[in-house]
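Report on the structure given below.
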Amino acid sequence: MNHVERFRAVMNFQSVDRLPRWEWAMWWDKTLERWRQEGLPPEQRSVFEIHDYFGLDPYIQFWLSTTDSTIEAIQHHGLGMLSSMDEYLKVRPHLYPDHSSAISAMEPWLIRQSKGEAVVWITLEGFFWFPRTLMGFTDLMLAYYDQPELIHRMNEDLLKFNLQVLEQIEKLGCPTFMTLAEDMSFNHGPMISRALCEQFMTPYYVKLIERLKEMEMIVIVDTDGDVTALVPWLQSVGVDGVLPLERQAGVDGFALRRQFPRLRMIGHYDKMVMNKGEAAMRREFERLQPLMRSGGYIPGVDHQTPPAVSLTEYRLYLKLLEEYTRR
């Protein structure tokens with residue numbers, strides 16, 4: 001099987017020669033700094049180059065952000081930059097950039113994908129992530145009650161932007177799958193209720209996912225923490241699956257499989273065992289083995305590999321990953 005056939009087969013609960021091997025979350029910068037001191041060649045710079053160096057399956061991600069570089073720097077601090085409709089309208093001219101260059105750069109990868117040589121993955125920002133980025137968590141929570149028209153305006157604009165991006169991409173080809181960046185759960189569950197999801201997110205999700213399905217993309221929501229209570233709502237709007245299924249937040253992938261038999265899942269390998277020696281790493285793979293055999297699941301680190309993991313330990317993880325994905 002080629003890489004695209006294998007990914008699609010796994011996500012459709014079909015038989016495969018082996019499971020895909022890749023790191024959806026890449027690696028922390030501090031982790032890479034450590035590994036360079038331990039022998040990672042300095043010429044391996046991009047995510048794809050490092051992925052290839054480690055012998056993982058080829059894929060490439062394109063994140064089509066809503067912001068330019070200036071606002072991106074602000075939003076990464078999570079401080080928010082507005083709290084009213086007037087402030088949003090002032091900031092709006094600096095949002096929704098032209099991604100023509102990035103989409104053009106996608107074309108050779110889409111050609112590789114058409115030959116089964118690589119999986120192309122896009123990320124769009126979701127209808128919780130985007131308002132929270134602009135407003136900050138507290139102001140967003142208040143705005144759901146005090147300024148509903150502001151949230152709807154933001155998400156209407158975001159939907160229009162995302163649909164325009166998809167239209168541009170489709171002229172060149174269709175990525176294999178996509179993730180919606182949301183981060184709308186934490187270690188005790190969702191940050192908002194299903195009622196708020198239905199009111200402020202469902203109308204936009206339904207229209208976006210309808211378009212994504214026309215392009216035959218598998219739709220995965222990226223949300224940290226415990227996603228369990230969100231899954232019924234996500235499935236109701238057409239989402240196929242979730243990642244990263246963080247163990248430290250108490251996520252139970254086996255309970256999710258029993259409750260939602262067709263849920264696609266990626267991740268769930270406890271990153272905290274990766275510096276505990278081979279026996280601990282092997283136990284974690286053994287824990288996940290039944291889930292691997294159930295279909296619809298790709299094992300991977302349940303978030304970025306932390307700096308506490310040495311290059312030698314990571315190579316051991318990769319050796320075990322190869323072994324267990326062949327079983």
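Going through the structure tokens in order, the chains are called A, B, and so on, while each chain numbers its residues from 1 and the ligands are numbered from 1 in the order shown.
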
Quick one: residues within 8 Å of stretch 200-210 of chain A, only C-alpha atoms, excluding same-chain residues fewer than 2 positions away - as a short mmCIF file (atom, residue, chain, number, x, y, z; two decimals) with C-alpha atoms, in the first residue's frame?
```cif
data_model
loop_
_atom_site.label_atom_id
_atom_site.label_comp_id
_atom_site.auth_asym_id
_atom_site.auth_seq_id
_atom_site.Cartn_x
_atom_site.Cartn_y
_atom_site.Cartn_z
CA PHE A 127 -15.01 28.67 15.56
CA PHE A 128 -13.92 28.54 19.21
CA ILE A 151 -19.24 36.15 18.12
CA HIS A 152 -21.54 35.46 15.20
CA ASN A 155 -17.52 33.26 12.90
CA GLU A 156 -19.40 34.38 9.79
CA LEU A 159 -16.42 30.73 7.62
CA ASN A 162 -12.07 29.26 5.24
CA LEU A 163 -14.40 28.54 2.30
CA LEU A 196 -23.21 27.21 23.42
CA CYS A 197 -21.68 24.99 20.75
CA GLU A 198 -25.09 24.58 19.14
CA LEU A 212 -14.83 19.53 3.18
CA LYS A 213 -16.81 16.36 2.49
CA GLU A 214 -17.34 17.50 -1.09
CA VAL A 219 -12.13 15.98 9.23
CA VAL A 237 -21.97 18.19 12.94
CA GLY A 238 -20.03 15.75 10.78
CA VAL A 239 -16.58 15.63 12.40
#
```

message: Quick one: residues within 10 Å of A:Leu291, only C-alpha atoms, excluding same-chain residues fewer than 5 positions away - as a PyMOL selection string?
response: chain A and resi 253-254+257+265+268+285-286+296-299

Save the residues we just selected, C-alpha atoms, as a short mmCIF file (atom, residue, chain, number, x, y, z; two decimals), in the first residue's frame?
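Contents of out_27.cif, freshly written:
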```
data_model
loop_
_atom_site.label_atom_id
_atom_site.label_comp_id
_atom_site.auth_asym_id
_atom_site.auth_seq_id
_atom_site.Cartn_x
_atom_site.Cartn_y
_atom_site.Cartn_z
CA GLY A 253 -9.37 5.78 24.12
CA PHE A 254 -10.92 2.38 24.80
CA ARG A 257 -14.07 3.30 21.04
CA MET A 265 -8.53 8.84 16.71
CA HIS A 268 -2.93 8.70 22.81
CA PHE A 285 2.42 0.15 23.23
CA GLU A 286 0.94 -3.03 24.68
CA GLY A 296 -9.77 4.03 12.81
CA TYR A 297 -6.78 4.74 15.02
CA ILE A 298 -3.20 5.87 14.39
CA PRO A 299 -0.82 5.73 17.38
#
```

Select from stretch 35-134 of chain A every residue with an atom at most 10 Å from any atom of stretch 164-174 of chain A, then for each give the shortest pair of atoms and their distance in Å to one decimal, using only C-alpha atoms, rows by chain and rising number, as a tab-separated table.
```
residue	atom	partner	partner_atom	distance
A:Leu64	CA	A:Val165	CA	7.8
A:Tyr96	CA	A:Val165	CA	9.8
A:Asp98	CA	A:Val165	CA	8.7
A:His99	CA	A:Val165	CA	7.5
A:Ser100	CA	A:Gln168	CA	7.8
A:Ala102	CA	A:Ile169	CA	9.8
A:Ile103	CA	A:Ile169	CA	6.3
A:Ser104	CA	A:Leu172	CA	8.2
A:Met106	CA	A:Leu172	CA	8.3
A:Glu107	CA	A:Leu172	CA	6.1
A:Pro108	CA	A:Leu172	CA	9.4
A:Trp109	CA	A:Gly173	CA	9.7
A:Leu110	CA	A:Gly173	CA	6.2
A:Ile111	CA	A:Gly173	CA	8.2
A:Gln113	CA	A:Cys174	CA	9.3
A:Ser114	CA	A:Gly173	CA	8.7
A:Val120	CA	A:Cys174	CA	8.4
A:Trp121	CA	A:Cys174	CA	9.3
A:Ile122	CA	A:Cys174	CA	9.7
A:Leu124	CA	A:Val165	CA	9.2
```

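Counting only C-alpha atoms and comparing A:Leu245, A:Val231, A:Leu288, A:Leu150, the residue that lies closest to A:Pro261 is A:Val231.
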
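Using only C-alpha atoms for every distance, the candidate list A:Leu243, A:Ile220, A:Val301, A:Leu142 yields A:Ile220 as the residue closest to A:Leu180.
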
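Considering the residues A:Pro20, A:Pro175, A:Pro148, A:Pro97 and counting only C-alpha atoms, A:Phe161 has its shortest atom-to-atom contact with A:Pro97.
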
message: Need the shell around A:Ala249: protein/DNA/RNA residues with any atom at most 6 Å away, counting only C-alpha atoms. Skip same-chain ones fewer than 4 positions apart. Format as a ChimeraX atom specification?
response: /A:187,225-226

task: Write out as a PyMOL selection string which residues come within 12 Å of A:Arg315 when counting only C-alpha atoms, dropping same-chain ones fewer than 4 positions away.
output: chain A and resi 35+38-40+53-56+274-275+277-278+281+309-311+319-322

Proximity to A:Leu230 - best of A:Gln248, A:Ser83, A:Ser185, A:Gln259, only C-alpha atoms: A:Ser185

- prompt: Can you tell me, as a ChimeraX atom specification, what residues are no more than 10 Å from A:Arg8 when counting only C-alpha atoms, ignoring any on the same chain fewer than 3 positions away?
  reply: /A:3-5,11-14,16,119,176-177,217-218,296
